[in-house]
$ cat protein_5.cif   # mmCIF, C-alpha atoms
data_protein
#
loop_
_atom_site.label_atom_id
_atom_site.label_comp_id
_atom_site.auth_asym_id
_atom_site.auth_seq_id
_atom_site.Cartn_x
_atom_site.Cartn_y
_atom_site.Cartn_z
CA MET C 2 119.05 85.73 163.76
CA THR C 3 117.41 89.11 164.08
CA ASP C 4 115.24 87.85 166.95
CA ALA C 5 118.31 86.81 168.92
CA ASP C 6 119.51 88.89 171.83
CA PRO C 7 121.60 91.67 170.25
CA ARG C 8 124.20 91.23 172.95
CA ALA C 9 124.63 87.57 172.01
CA GLN C 10 124.99 88.53 168.35
CA ILE C 11 127.70 91.04 169.22
CA VAL C 12 129.51 88.63 171.55
CA SER C 13 129.71 86.13 168.70
CA LEU C 14 131.55 88.74 166.62
CA LEU C 15 134.07 89.64 169.32
CA PRO C 16 136.99 87.54 168.01
CA ARG C 17 136.77 89.25 164.60
CA LEU C 18 136.24 92.68 166.10
CA ARG C 19 139.25 92.24 168.38
CA ARG C 20 141.43 91.21 165.47
CA PHE C 21 140.31 94.22 163.45
CA ALA C 22 140.92 96.51 166.41
CA CYS C 23 144.39 95.00 166.96
CA GLY C 24 145.19 95.85 163.37
CA LEU C 25 143.99 99.42 163.79
CA THR C 26 145.67 100.10 167.11
CA HIS C 27 148.62 97.66 167.10
CA ASP C 28 148.14 97.78 170.86
CA PRO C 29 146.15 94.83 172.29
CA PRO C 30 145.01 96.45 175.57
CA LEU C 31 143.89 99.55 173.69
CA ALA C 32 142.19 97.31 171.12
CA ASP C 33 140.06 95.64 173.79
CA ASP C 34 139.13 99.03 175.20
CA LEU C 35 138.19 100.21 171.72
CA VAL C 36 136.07 97.11 171.06
CA GLN C 37 134.23 97.50 174.36
CA THR C 38 133.43 101.14 173.67
CA ALA C 39 132.30 100.33 170.14
CA CYS C 40 130.09 97.44 171.26
CA LEU C 41 128.33 99.53 173.91
CA LYS C 42 127.88 102.28 171.35
CA ALA C 43 126.34 99.73 168.97
CA LEU C 44 123.89 98.55 171.62
CA GLU C 45 122.87 102.13 172.31
CA ARG C 46 122.27 102.65 168.58
CA TRP C 47 120.85 99.22 167.85
CA HIS C 48 117.76 100.72 166.26
CA GLN C 49 120.01 102.13 163.51
CA TRP C 50 121.11 98.71 162.30
CA GLN C 51 119.17 97.45 159.29
CA PRO C 52 118.52 93.73 159.87
CA ASP C 53 118.77 92.99 156.15
CA THR C 54 122.40 94.18 156.13
CA SER C 55 125.52 92.56 157.53
CA LEU C 56 125.86 93.02 161.27
CA ALA C 57 129.61 92.38 160.98
CA SER C 58 130.02 95.20 158.47
CA TRP C 59 128.01 97.55 160.69
CA MET C 60 130.09 96.62 163.72
CA PHE C 61 133.38 97.04 161.83
CA ARG C 62 132.21 100.50 160.84
CA ILE C 63 131.47 101.47 164.44
CA VAL C 64 134.88 100.19 165.55
CA GLN C 65 136.52 102.19 162.77
CA THR C 66 134.65 105.44 163.48
CA THR C 67 135.19 105.06 167.23
CA TRP C 68 138.88 104.59 166.55
CA ILE C 69 139.07 107.74 164.46
CA ASP C 70 136.82 109.88 166.65
CA ASP C 71 137.78 108.83 170.15
CA TYR C 72 141.01 106.87 170.20
CA ARG C 73 143.45 107.73 167.47
CA SER C 74 144.92 110.67 169.33
CA ARG C 75 145.80 108.27 172.15
CA GLN C 76 147.75 106.00 169.83
CA ARG C 77 151.34 105.43 170.73
CA ARG C 78 154.04 106.26 168.26
CA PRO C 79 155.06 103.27 166.13
CA GLU C 80 158.37 102.97 167.95
CA ASP C 81 156.47 102.74 171.25
CA THR C 82 154.04 100.08 170.14
CA VAL C 83 153.67 96.82 171.95
CA ILE C 84 153.45 94.68 168.86
CA ASP C 85 155.38 91.97 170.63
CA ASP C 86 152.42 91.69 173.01
CA LEU C 87 150.26 90.29 170.26
CA PRO C 88 149.73 86.61 170.87
CA GLU C 89 152.03 84.24 169.07
CA ALA C 90 151.09 81.04 167.34
CA VAL C 91 151.68 78.03 169.55
CA GLY C 92 153.00 74.57 168.83
CA GLU C 93 156.25 75.49 167.18
CA ASP C 94 159.75 75.43 168.52
CA GLY C 95 163.41 75.84 167.70
CA ARG C 96 164.90 77.80 164.83
CA GLU C 97 161.69 77.64 162.82
CA LEU C 98 159.84 79.39 165.64
CA VAL C 99 162.47 82.11 165.90
CA GLU C 100 162.38 82.69 162.17
CA ARG C 101 158.60 82.63 162.10
CA ARG C 102 158.31 85.04 165.01
CA SER C 103 160.75 87.37 163.38
CA GLU C 104 158.85 87.22 160.12
CA LEU C 105 155.44 87.75 161.69
CA ARG C 106 156.80 90.60 163.76
CA ALA C 107 158.08 92.21 160.58
CA VAL C 108 154.62 91.81 159.06
CA ARG C 109 152.95 93.47 162.04
CA LEU C 110 155.40 96.33 161.96
CA ALA C 111 154.84 96.78 158.24
CA ILE C 112 151.05 96.82 158.74
CA ALA C 113 151.38 99.22 161.67
CA ALA C 114 153.35 101.58 159.45
CA LEU C 115 150.58 101.78 156.84
CA PRO C 116 148.36 104.88 156.75
CA ASP C 117 145.14 104.39 158.76
CA ASP C 118 142.83 104.22 155.76
CA GLN C 119 144.95 101.60 153.99
CA ARG C 120 145.36 99.55 157.15
CA ALA C 121 141.60 99.39 157.73
CA VAL C 122 140.95 98.08 154.21
CA LEU C 123 143.80 95.59 154.46
CA MET C 124 142.47 94.25 157.76
CA LEU C 125 138.93 93.86 156.44
CA VAL C 126 139.70 92.35 153.03
CA THR C 127 143.03 90.57 153.31
CA VAL C 128 142.88 89.50 156.95
CA ASP C 129 139.14 89.13 157.62
CA GLY C 130 138.15 88.07 154.12
CA LEU C 131 135.37 90.57 153.40
CA SER C 132 134.51 91.17 149.77
CA TYR C 133 135.39 94.57 148.31
CA GLN C 134 131.68 95.43 148.39
CA GLU C 135 131.34 94.47 152.07
CA ALA C 136 134.44 96.47 152.94
CA ALA C 137 133.04 99.47 151.06
CA GLN C 138 129.85 99.22 153.12
CA ALA C 139 131.76 98.77 156.35
CA LEU C 140 133.95 101.81 155.77
CA ASN C 141 131.30 103.86 153.95
CA ILE C 142 133.57 104.50 150.98
CA PRO C 143 133.15 103.82 147.24
CA LEU C 144 134.17 100.47 145.82
CA GLY C 145 136.89 102.08 143.74
CA THR C 146 138.40 103.64 146.84
CA VAL C 147 138.54 100.22 148.49
CA MET C 148 140.40 98.86 145.48
CA SER C 149 142.91 101.70 145.29
CA ARG C 150 143.62 101.74 149.03
CA LEU C 151 143.96 97.99 149.08
CA SER C 152 146.35 97.99 146.15
CA ARG C 153 148.55 100.63 147.74
CA ALA C 154 148.53 98.74 151.03
CA ARG C 155 149.35 95.39 149.48
CA ILE C 156 152.14 96.74 147.30
CA ARG C 157 153.61 98.66 150.20
CA LEU C 158 153.40 95.61 152.41
CA ALA C 159 155.12 93.48 149.80
CA ASP C 160 157.80 96.20 149.44
CA GLN C 161 158.43 96.33 153.16
CA LEU C 162 158.69 92.58 153.38
CA GLY C 163 161.04 92.40 150.45
CA HIS C 164 158.40 90.89 148.23
CA ALA C 165 157.98 93.95 146.05
CA GLY C 166 155.55 94.04 143.20
CA ASN C 167 155.41 96.73 140.55
CA ARG C 168 153.79 100.12 141.11
CA HIS C 169 150.81 100.32 138.84
CA ALA C 170 148.37 100.98 141.66
CA ASP C 171 148.26 104.76 141.63
CA MET R 19 149.01 93.47 127.56
CA PRO R 20 150.85 94.32 130.80
CA ILE R 21 149.29 92.93 133.96
CA ASP R 22 149.17 95.47 136.77
CA ASP R 23 149.25 94.76 140.48
CA PRO R 24 145.64 95.83 141.23
CA THR R 25 144.48 93.17 138.79
CA LEU R 26 146.70 90.57 140.43
CA ILE R 27 145.38 91.58 143.85
CA ALA R 28 141.75 91.40 142.72
CA TYR R 29 142.51 87.95 141.32
CA LEU R 30 144.01 86.80 144.62
CA ASP R 31 140.98 88.21 146.49
CA GLY R 32 138.52 86.37 144.26
CA GLN R 33 137.07 89.62 142.97
CA LEU R 34 137.46 88.95 139.22
CA ASP R 35 134.63 87.37 137.28
CA ASP R 36 135.15 84.10 135.43
CA ALA R 37 135.97 85.71 132.10
CA ALA R 38 138.54 88.06 133.64
CA CYS R 39 140.07 85.17 135.57
CA ALA R 40 140.43 83.13 132.40
CA ARG R 41 142.09 86.03 130.55
CA LEU R 42 144.48 86.67 133.41
CA GLU R 43 145.43 83.02 133.81
CA ALA R 44 146.12 82.76 130.11
CA ALA R 45 148.28 85.89 130.22
CA LEU R 46 150.22 84.65 133.23
CA GLN R 47 151.32 81.63 131.19
CA THR R 48 153.53 83.87 129.11
CA ASP R 49 154.37 86.64 131.61
CA ALA R 50 156.99 85.35 134.03
CA ASP R 51 157.41 88.75 135.70
CA ALA R 52 153.70 89.05 136.48
CA SER R 53 153.66 85.47 137.70
CA ALA R 54 156.51 86.22 140.10
CA ARG R 55 154.77 89.35 141.35
CA LEU R 56 151.61 87.33 141.90
CA ASP R 57 153.56 84.89 144.08
CA ARG R 58 155.10 87.71 146.12
CA LEU R 59 151.76 89.45 146.65
CA ALA R 60 150.16 86.16 147.65
CA ARG R 61 152.91 85.45 150.14
CA SER R 62 152.70 88.86 151.82
CA ALA R 63 148.90 88.54 152.09
CA ASP R 64 149.27 85.10 153.63
CA LEU R 65 151.74 86.48 156.15
CA ALA R 66 149.34 89.32 157.02
CA ARG R 67 146.56 86.82 157.70
CA ARG R 68 148.79 84.52 159.73
CA SER R 69 150.22 87.35 161.81
CA PHE R 70 146.75 88.07 163.22
CA GLY R 71 145.58 84.44 163.37
CA PRO R 72 146.43 83.99 167.06
CA VAL R 73 144.29 87.01 168.00
CA LEU R 74 141.30 85.28 166.46
CA GLU R 75 141.99 82.02 168.23
CA GLU R 76 142.77 83.26 171.73
CA PRO R 77 139.93 83.41 174.30
CA VAL R 78 138.05 86.69 174.45
CA PRO R 79 138.70 88.36 177.83
CA PRO R 80 135.75 87.62 180.16
CA ARG R 81 135.57 91.26 181.22
CA LEU R 82 134.79 92.24 177.64
CA ILE R 83 132.00 89.70 177.33
CA ASP R 84 130.63 90.70 180.71
CA ALA R 85 130.63 94.41 179.84
CA ILE R 86 128.38 93.62 176.89
CA TRP R 87 126.05 91.41 178.89
CA ARG R 88 125.80 94.12 181.53
CA ALA R 89 124.45 96.54 178.97
CA PRO R 90 120.68 96.54 178.71
CA ASP R 91 119.05 94.50 176.00
CA PRO R 92 118.14 97.10 173.35
CA ARG R 93 114.90 95.22 172.72
CA GLN R 94 113.88 96.11 176.26
CA ARG R 95 114.79 99.78 175.86
CA ALA R 96 111.20 100.81 176.48
CA ASP R 97 111.22 99.05 179.82
CA ALA R 98 111.35 101.42 182.70
CA GLY R 99 112.76 101.52 186.12
CA ALA R 100 116.30 100.36 185.55
CA ARG R 101 118.99 102.66 186.77
CA GLN R 102 122.66 103.02 186.28
CA ARG R 103 124.85 101.22 188.67
CA PRO R 104 126.16 103.78 191.12
CA GLU R 105 129.82 104.37 191.56
CA PRO R 106 130.98 103.14 194.95
CA ALA R 107 130.83 105.90 197.50
CA SER R 108 134.16 107.38 198.38
CA SER R 109 135.69 106.41 201.67
CA GLY R 110 133.89 107.99 204.59
CA SER R 111 131.05 109.34 202.49
CA ALA R 112 127.61 108.91 203.92
CA GLY R 113 125.94 110.74 201.06
CA TRP R 114 123.12 109.31 199.02
CA GLY R 115 123.35 111.48 195.98
CA TRP R 116 124.65 108.68 193.79
CA VAL R 117 121.62 106.56 194.57
CA ARG R 118 119.64 109.05 192.57
CA SER R 119 121.66 108.56 189.43
CA TRP R 120 119.26 107.16 186.92
CA TRP R 121 119.66 105.27 183.82
CA SER R 122 119.83 107.23 180.62
CA GLN R 123 121.02 106.54 177.10
CA GLY R 124 124.75 106.76 176.90
CA THR R 125 125.21 104.96 180.17
CA ARG R 126 128.54 103.14 180.37
CA TRP R 127 129.15 100.07 182.39
CA PRO R 128 132.39 99.69 184.21
CA ALA R 129 134.60 96.79 183.41
CA VAL R 130 134.65 94.27 186.19
CA ALA R 131 137.11 91.71 187.39
CA ALA R 132 137.11 88.36 185.68
CA GLY R 133 135.64 86.71 188.74
CA GLY R 134 132.68 88.99 188.68
CA ALA R 135 132.26 88.43 184.99
CA LEU R 136 132.03 84.71 185.45
CA ALA R 137 129.65 85.02 188.38
CA SER R 138 127.23 87.24 186.53
CA LEU R 139 127.42 85.22 183.33
CA ALA R 140 126.75 82.05 185.26
CA SER R 141 123.76 83.61 186.95
CA LEU R 142 122.42 84.87 183.64
CA VAL R 143 122.53 81.39 182.15
CA ALA R 144 120.90 79.93 185.21
CA VAL R 145 118.09 82.44 185.19
CA LEU R 146 117.34 82.06 181.53
CA THR R 147 116.94 78.32 181.80
CA TRP R 148 114.35 78.39 184.56
CA PRO R 149 110.83 77.26 183.83
CA ALA R 150 108.06 79.80 184.19
CA GLY R 151 107.12 80.56 187.77
CA PRO R 152 103.68 80.78 189.27
CA TRP R 153 103.17 84.40 188.24
CA GLN R 154 102.31 85.13 184.63
CA ALA R 155 101.53 88.32 182.77
CA GLY R 156 97.91 89.11 183.33
CA ASP R 157 97.80 87.91 186.92
CA ALA R 158 96.86 90.45 189.56
CA PRO R 159 99.84 92.71 190.38
CA GLU R 160 99.57 91.94 194.08
CA ARG R 161 100.57 88.35 193.32
CA TRP R 162 103.71 89.60 191.59
CA ALA R 163 104.71 92.38 193.97
CA LEU R 164 106.99 91.78 196.94
CA GLN R 165 105.46 92.41 200.36
CA THR R 166 107.36 94.24 203.10
CA GLY R 167 108.00 91.97 206.07
CA THR R 168 107.90 88.73 204.08
CA THR R 169 110.75 86.65 202.71
CA VAL R 170 111.42 86.26 199.00
CA SER R 171 109.77 83.01 197.96
CA ASP R 172 110.23 83.21 194.18
CA ALA R 173 113.12 80.79 193.52
CA ALA R 174 114.23 82.62 190.37
CA LEU R 175 114.38 85.97 192.13
CA GLN R 176 116.19 84.44 195.07
CA ARG R 177 118.76 83.00 192.69
CA VAL R 178 119.23 86.41 191.08
CA LEU R 179 119.74 88.04 194.48
CA ASP R 180 122.22 85.34 195.49
CA THR R 181 124.39 85.40 192.38
CA ALA R 182 124.06 88.50 190.20
CA ALA R 183 126.34 91.51 190.56
CA SER R 184 124.98 95.02 190.90
CA GLY R 185 124.56 96.65 187.54
CA SER R 186 123.06 93.49 186.03
CA ARG R 187 119.62 93.39 184.48
CA LEU R 188 118.23 89.90 184.28
CA GLN R 189 115.13 88.52 182.67
CA THR R 190 113.19 85.98 184.69
CA PRO R 191 109.82 84.42 183.97
CA GLN R 192 108.34 87.04 186.29
CA GLY R 193 109.83 89.98 184.43
CA MET R 194 112.97 92.06 184.48
CA THR R 195 115.04 92.52 187.62
CA SER R 196 117.68 95.25 187.90
CA LEU R 197 120.28 94.91 190.64
CA VAL R 198 120.87 98.52 191.68
CA ALA R 199 123.33 98.32 194.56
CA SER R 200 124.41 96.35 197.61
CA PHE R 201 124.88 97.71 201.13
CA GLU R 202 126.32 96.80 204.49
CA THR R 203 123.69 97.61 207.11
CA THR R 204 122.82 96.98 210.73
CA ALA R 205 120.44 94.31 209.42
CA GLY R 206 123.20 92.57 207.47
CA PRO R 207 123.96 92.82 203.76
CA CYS R 208 121.09 94.32 201.77
CA ARG R 209 120.36 94.82 198.09
CA GLU R 210 118.27 97.42 196.33
CA ILE R 211 116.45 96.16 193.27
CA GLY R 212 114.09 97.43 190.62
CA ARG R 213 111.61 95.10 188.99
CA THR R 214 109.18 95.31 186.13
CA THR R 215 106.52 92.79 185.18
CA ALA R 216 106.94 90.73 182.03
CA ASP R 217 104.46 92.96 180.19
CA GLY R 218 106.16 96.12 181.49
CA GLY R 219 102.95 97.40 183.04
CA GLN R 220 104.07 97.38 186.66
CA SER R 221 107.30 98.38 188.30
CA GLU R 222 108.58 98.00 191.80
CA LEU R 223 111.41 99.28 193.95
CA ALA R 224 112.51 97.06 196.80
CA VAL R 225 115.18 96.64 199.45
CA VAL R 226 115.88 93.12 200.67
CA CYS R 227 118.28 92.04 203.40
CA ARG R 228 120.02 88.76 204.01
CA THR R 229 119.00 87.62 207.44
CA GLY R 230 120.55 84.87 209.50
CA SER R 231 118.83 82.28 207.33
CA ASP R 232 119.49 81.68 203.65
CA ARG R 233 116.51 83.82 202.69
CA TRP R 234 116.10 87.43 201.67
CA GLN R 235 113.82 89.50 203.89
CA VAL R 236 111.87 92.28 202.19
CA VAL R 237 112.39 95.44 204.28
CA PHE R 238 110.90 97.79 201.71
CA ALA R 239 108.79 97.24 198.61
CA GLU R 240 106.58 99.57 196.73
CA ALA R 241 104.97 98.78 193.39
CA GLY R 242 103.06 100.91 190.97
CA ALA R 243 102.22 101.42 187.33
CA SER R 244 105.24 101.89 185.10
CA ALA R 245 105.57 105.46 183.96
CA GLY R 246 108.23 105.20 181.27
CA TYR R 247 110.95 106.05 183.68
CA VAL R 248 110.94 107.13 187.28
CA THR R 249 112.17 110.61 188.09
CA ALA R 250 114.87 111.27 190.62
CA SER R 251 112.37 113.01 192.82
CA SER R 252 110.25 109.95 193.05
CA GLN R 253 108.68 109.71 196.46
CA ARG R 254 109.07 105.96 196.18
CA GLN R 255 112.83 106.36 195.94
CA GLU R 256 112.86 108.76 198.87
CA ARG R 257 111.00 106.24 201.00
CA ALA R 258 113.47 103.53 200.04
CA ASP R 259 116.35 105.85 200.91
CA ALA R 260 114.77 106.57 204.27
CA VAL R 261 114.61 102.85 205.06
CA LEU R 262 118.26 102.41 204.11
CA GLU R 263 119.30 105.39 206.19
CA LYS R 264 117.55 103.92 209.23
CA LEU R 265 119.67 100.83 208.72
CA ASN R 266 122.89 102.90 208.56
CA ALA R 267 123.46 101.49 205.10
CA ARG R 268 126.84 101.94 203.46
CA PRO R 269 127.21 100.99 199.79
CA LEU R 270 129.54 98.11 199.00
CA ASP R 271 132.24 98.50 196.39
CA ASP R 272 132.82 95.86 193.70
CA ALA R 273 135.37 93.89 195.72
CA ALA R 274 133.21 93.72 198.83
CA GLU R 275 130.17 92.68 196.84
CA GLN R 276 132.15 90.05 194.95
CA ALA R 277 133.35 88.62 198.27
CA LEU R 278 129.75 88.25 199.44
CA LEU R 279 128.60 86.80 196.10
CA GLY R 280 131.41 84.29 196.33
CA SER R 281 130.60 83.29 199.89
CA GLY R 282 126.85 82.92 199.39
CA TRP R 283 126.32 86.15 201.37
CA ARG R 284 127.80 84.64 204.51
CA ARG R 285 130.39 86.62 206.40
#

$ encode --input "protein_5.cif" --output "structure tokens"
Amino acid sequence: MTDADPRAQIVSLLPRLRRFACGLTHDPPLADDLVQTACLKALERWHQWQPDTSLASWMFRIVQTTWIDDYRSRQRRPEDTVIDDLPEAVGEDGRELVERRSELRAVRLAIAALPDDQRAVLMLVTVDGLSYQEAAQALNIPLGTVMSRLSRARIRLADQLGHAGNRHAD
Amino acid sequence: MPIDDPTLIAYLDGQLDDAACARLEAALQTDADASARLDRLARSADLARRSFGPVLEEPVPPRLIDAIWRAPDPRQRADAGARQRPEPASSGSAGWGWVRSWWSQGTRWPAVAAGGALASLASLVAVLTWPAGPWQAGDAPERWALQTGTTVSDAALQRVLDTAASGSRLQTPQGMTSLVASFETTAGPCREIGRTTADGGQSELAVVCRTGSDRWQVVFAEAGASAGYVTASSQRQERADAVLEKLNARPLDDAAEQALLGSGWRR
């Protein structure tokens, strides 16, 4: 794997990086721009990647830091977001589709309304399936911080969707 | 013992060890409230995953893939001679200053149209699958170098010249070729290229022009030992510029170059 062309390794991660960036930006065109910038930055800094560590975690970290450093100020206000531009699942029709679209739109809005740090953890653990340890490495934060941010995000998400849990996270 | 939400979430995420899982599952048997909260948290997590599922499944935009492939291979970072793709000259400009813009770390590659992306990706694949050519590392440099006044006979290089967009760097059996820029000239469409041998020991700057045939004529070529990177004041570059100026060369923008790539360099 480590002998493979670094560009090929990064290209293979693009679907996951785009999904993560969509979660951070809730703006698909901006997400692609962010991913491109992050990938080129990664290639410039390739020597900094430790081959015995997860390339995906390293790439997620670059996307996250690029978002914070270079892009966040360009983010549109939540009411201006283009969440409806996110691709929809295909193969459904009728009332079920309308209900499903409405529900998924509500989920995206709820995720977009989360604080940045909670949204990043939610995207990595709940959506991408990273372990808490991998997410901690990706975001360069302690394991306990991953757990507390994730709990707050998940409870808030459940609240917003009307699936409220209790509030023992803080 | 009350079951808090962080514990339920860790359980759903598979982050509890076997003993903790067993304790929690036993407790859930008698705690209907916690069991209901577990269901609600699981459902919201499932919705979060599903709401981004289509992003994962949709095709990645070709321009994004192409931008990455246009970046230099970091493993070749020590290779010299490649330069940043120049911005197209502004309308009416006859200046050559941009030709002297050299590659440096931090270089960004412009996004290109999907058509260009596909063309350069296709050429990359084609080049990488070629068998080794007649020249190998260790052969005399004069066998590798292009000669002014001759036509390009190396099939791999000819294929690169025919199909790869400016800004690309492509590995062939004979070494690395960097497509610097394309021009409209009195001799027809021309391309400026940089080359390095497979072992990185030799580099070359060349200008080739598409003549009436399907071949590329070498109108300028000058090789020498690689020196890490070539400075902007390189006399070699000045001599190449002089040749292009004699041909009244005007740099082609992306659209014009794509049109020629698509037509096999026939106008």

$ resolve_selection --input "protein_5.cif" --expression "the PyMOL selection byres ((chain R and resi 211) around 8)" --output "short mmCIF file (atom, residue, chain, number, x, y, z; two decimals) with C-alpha atoms, in the frame of the given file"
data_model
loop_
_atom_site.label_atom_id
_atom_site.label_comp_id
_atom_site.auth_asym_id
_atom_site.auth_seq_id
_atom_site.Cartn_x
_atom_site.Cartn_y
_atom_site.Cartn_z
CA THR R 195 115.04 92.52 187.62
CA SER R 196 117.68 95.25 187.90
CA LEU R 197 120.28 94.91 190.64
CA VAL R 198 120.87 98.52 191.68
CA ALA R 199 123.33 98.32 194.56
CA ARG R 209 120.36 94.82 198.09
CA GLU R 210 118.27 97.42 196.33
CA GLY R 212 114.09 97.43 190.62
CA ARG R 213 111.61 95.10 188.99
CA LEU R 223 111.41 99.28 193.95
CA ALA R 224 112.51 97.06 196.80
CA VAL R 225 115.18 96.64 199.45
#

$ closest_residue --input "protein_5.cif" --among "R:Arg88, R:Arg268, R:Arg233, R:Arg254" --to "Ser186 of chain R" --atoms "only C-alpha atoms"
R:Arg88

$ resolve_selection --input "protein_5.cif" --expression "the PyMOL selection byres ((chain R) within 10 of (chain C))" --output "PyMOL selection string"
chain R and resi 21-28+30-33+51-52+54-79+81-93+95+123-127+129

$ write_last_selection --input "protein_5.cif" --atoms "C-alpha atoms" --output "JSON list (two decimals), in the frame of the given file"
[["chain", "number", "residue", "atom", "x", "y", "z"],
["R", 21, "ILE", "CA", 149.29, 92.93, 133.96],
["R", 22, "ASP", "CA", 149.17, 95.47, 136.77],
["R", 23, "ASP", "CA", 149.25, 94.76, 140.48],
["R", 24, "PRO", "CA", 145.64, 95.83, 141.23],
["R", 25, "THR", "CA", 144.48, 93.17, 138.79],
["R", 26, "LEU", "CA", 146.70, 90.57, 140.43],
["R", 27, "ILE", "CA", 145.38, 91.58, 143.85],
["R", 28, "ALA", "CA", 141.75, 91.40, 142.72],
["R", 30, "LEU", "CA", 144.01, 86.80, 144.62],
["R", 31, "ASP", "CA", 140.98, 88.21, 146.49],
["R", 32, "GLY", "CA", 138.52, 86.37, 144.26],
["R", 33, "GLN", "CA", 137.07, 89.62, 142.97],
["R", 51, "ASP", "CA", 157.41, 88.75, 135.70],
["R", 52, "ALA", "CA", 153.70, 89.05, 136.48],
["R", 54, "ALA", "CA", 156.51, 86.22, 140.10],
["R", 55, "ARG", "CA", 154.77, 89.35, 141.35],
["R", 56, "LEU", "CA", 151.61, 87.33, 141.90],
["R", 57, "ASP", "CA", 153.56, 84.89, 144.08],
["R", 58, "ARG", "CA", 155.10, 87.71, 146.12],
["R", 59, "LEU", "CA", 151.76, 89.45, 146.65],
["R", 60, "ALA", "CA", 150.16, 86.16, 147.65],
["R", 61, "ARG", "CA", 152.91, 85.45, 150.14],
["R", 62, "SER", "CA", 152.70, 88.86, 151.82],
["R", 63, "ALA", "CA", 148.90, 88.54, 152.09],
["R", 64, "ASP", "CA", 149.27, 85.10, 153.63],
["R", 65, "LEU", "CA", 151.74, 86.48, 156.15],
["R", 66, "ALA", "CA", 149.34, 89.32, 157.02],
["R", 67, "ARG", "CA", 146.56, 86.82, 157.70],
["R", 68, "ARG", "CA", 148.79, 84.52, 159.73],
["R", 69, "SER", "CA", 150.22, 87.35, 161.81],
["R", 70, "PHE", "CA", 146.75, 88.07, 163.22],
["R", 71, "GLY", "CA", 145.58, 84.44, 163.37],
["R", 72, "PRO", "CA", 146.43, 83.99, 167.06],
["R", 73, "VAL", "CA", 144.29, 87.01, 168.00],
["R", 74, "LEU", "CA", 141.30, 85.28, 166.46],
["R", 75, "GLU", "CA", 141.99, 82.02, 168.23],
["R", 76, "GLU", "CA", 142.77, 83.26, 171.73],
["R", 77, "PRO", "CA", 139.93, 83.41, 174.30],
["R", 78, "VAL", "CA", 138.05, 86.69, 174.45],
["R", 79, "PRO", "CA", 138.70, 88.36, 177.83],
["R", 81, "ARG", "CA", 135.57, 91.26, 181.22],
["R", 82, "LEU", "CA", 134.79, 92.24, 177.64],
["R", 83, "ILE", "CA", 132.00, 89.70, 177.33],
["R", 84, "ASP", "CA", 130.63, 90.70, 180.71],
["R", 85, "ALA", "CA", 130.63, 94.41, 179.84],
["R", 86, "ILE", "CA", 128.38, 93.62, 176.89],
["R", 87, "TRP", "CA", 126.05, 91.41, 178.89],
["R", 88, "ARG", "CA", 125.80, 94.12, 181.53],
["R", 89, "ALA", "CA", 124.45, 96.54, 178.97],
["R", 90, "PRO", "CA", 120.68, 96.54, 178.71],
["R", 91, "ASP", "CA", 119.05, 94.50, 176.00],
["R", 92, "PRO", "CA", 118.14, 97.10, 173.35],
["R", 93, "ARG", "CA", 114.90, 95.22, 172.72],
["R", 95, "ARG", "CA", 114.79, 99.78, 175.86],
["R", 123, "GLN", "CA", 121.02, 106.54, 177.10],
["R", 124, "GLY", "CA", 124.75, 106.76, 176.90],
["R", 125, "THR", "CA", 125.21, 104.96, 180.17],
["R", 126, "ARG", "CA", 128.54, 103.14, 180.37],
["R", 127, "TRP", "CA", 129.15, 100.07, 182.39],
["R", 129, "ALA", "CA", 134.60, 96.79, 183.41]]

$ atom_distance --input "protein_5.cif" --atom1 "atom CA of Ser171 of chain R" --atom2 "atom CA of Val226 of chain R"
12.1 Å

$ atom_distance --input "protein_5.cif" --atom1 "atom CA of Ser103 of chain C" --atom2 "atom CA of Asp28 of chain C"
18.0 Å

$ resolve_selection --input "protein_5.cif" --expression "the PyMOL selection byres ((chain R and resi 282) around 12)" --output "list in words"
Ala137, Gln176, Arg177, Val178, Leu179, Asp180, Thr181, Ala182, Pro207, Arg228, Ser231, Asp232, Arg233, Trp234, Glu275, Gln276, Ala277, Leu278, Leu279, Gly280, Ser281, Trp283, Arg284 and Arg285 of chain R

$ atom_distance --input "protein_5.cif" --atom1 "atom CA of Ala273 of chain R" --atom2 "atom CA of Gly185 of chain R"
13.8 Å

$ axis_aligned_box --input "protein_5.cif" --around "segment 25-37 of chain C" --padding-each-side "6 Å" --output "AutoDock Vina command-line options"
--center_x 141.4 --center_y 97.5 --center_z 169.7 --size_x 26.4 --size_y 17.4 --size_z 23.8

$ residues_around --input "protein_5.cif" --residues "Glu135 of chain C" --least-positions-apart "4" --cutoff "12 Å" --atoms "all atoms listed in the file" --output "ChimeraX atom specification"
/C:54-62,122,125-126,129-131,139-144,147 /R:33

$ residues_around --input "protein_5.cif" --residues "Arg41 of chain R" --least-positions-apart "4" --cutoff "12 Å" --atoms "all atoms listed in the file" --output "PyMOL selection string"
chain R and resi 19+21+25-26+29+34-37+45-48

$ closest_residue --input "protein_5.cif" --among "R:Leu265, R:Ala239, R:Cys208, R:Ala216" --to "Gln165 of chain R" --atoms "all atoms listed in the file"
R:Ala239

$ residues_around --input "protein_5.cif" --residues "Asp259 of chain R" --least-positions-apart "2" --cutoff "10 Å" --atoms "all atoms listed in the file" --output "JSON, numbers by chain"
{"R": [114, 117, 118, 210, 225, 238, 253, 254, 255, 256, 257, 261, 262, 263, 264, 265, 267]}
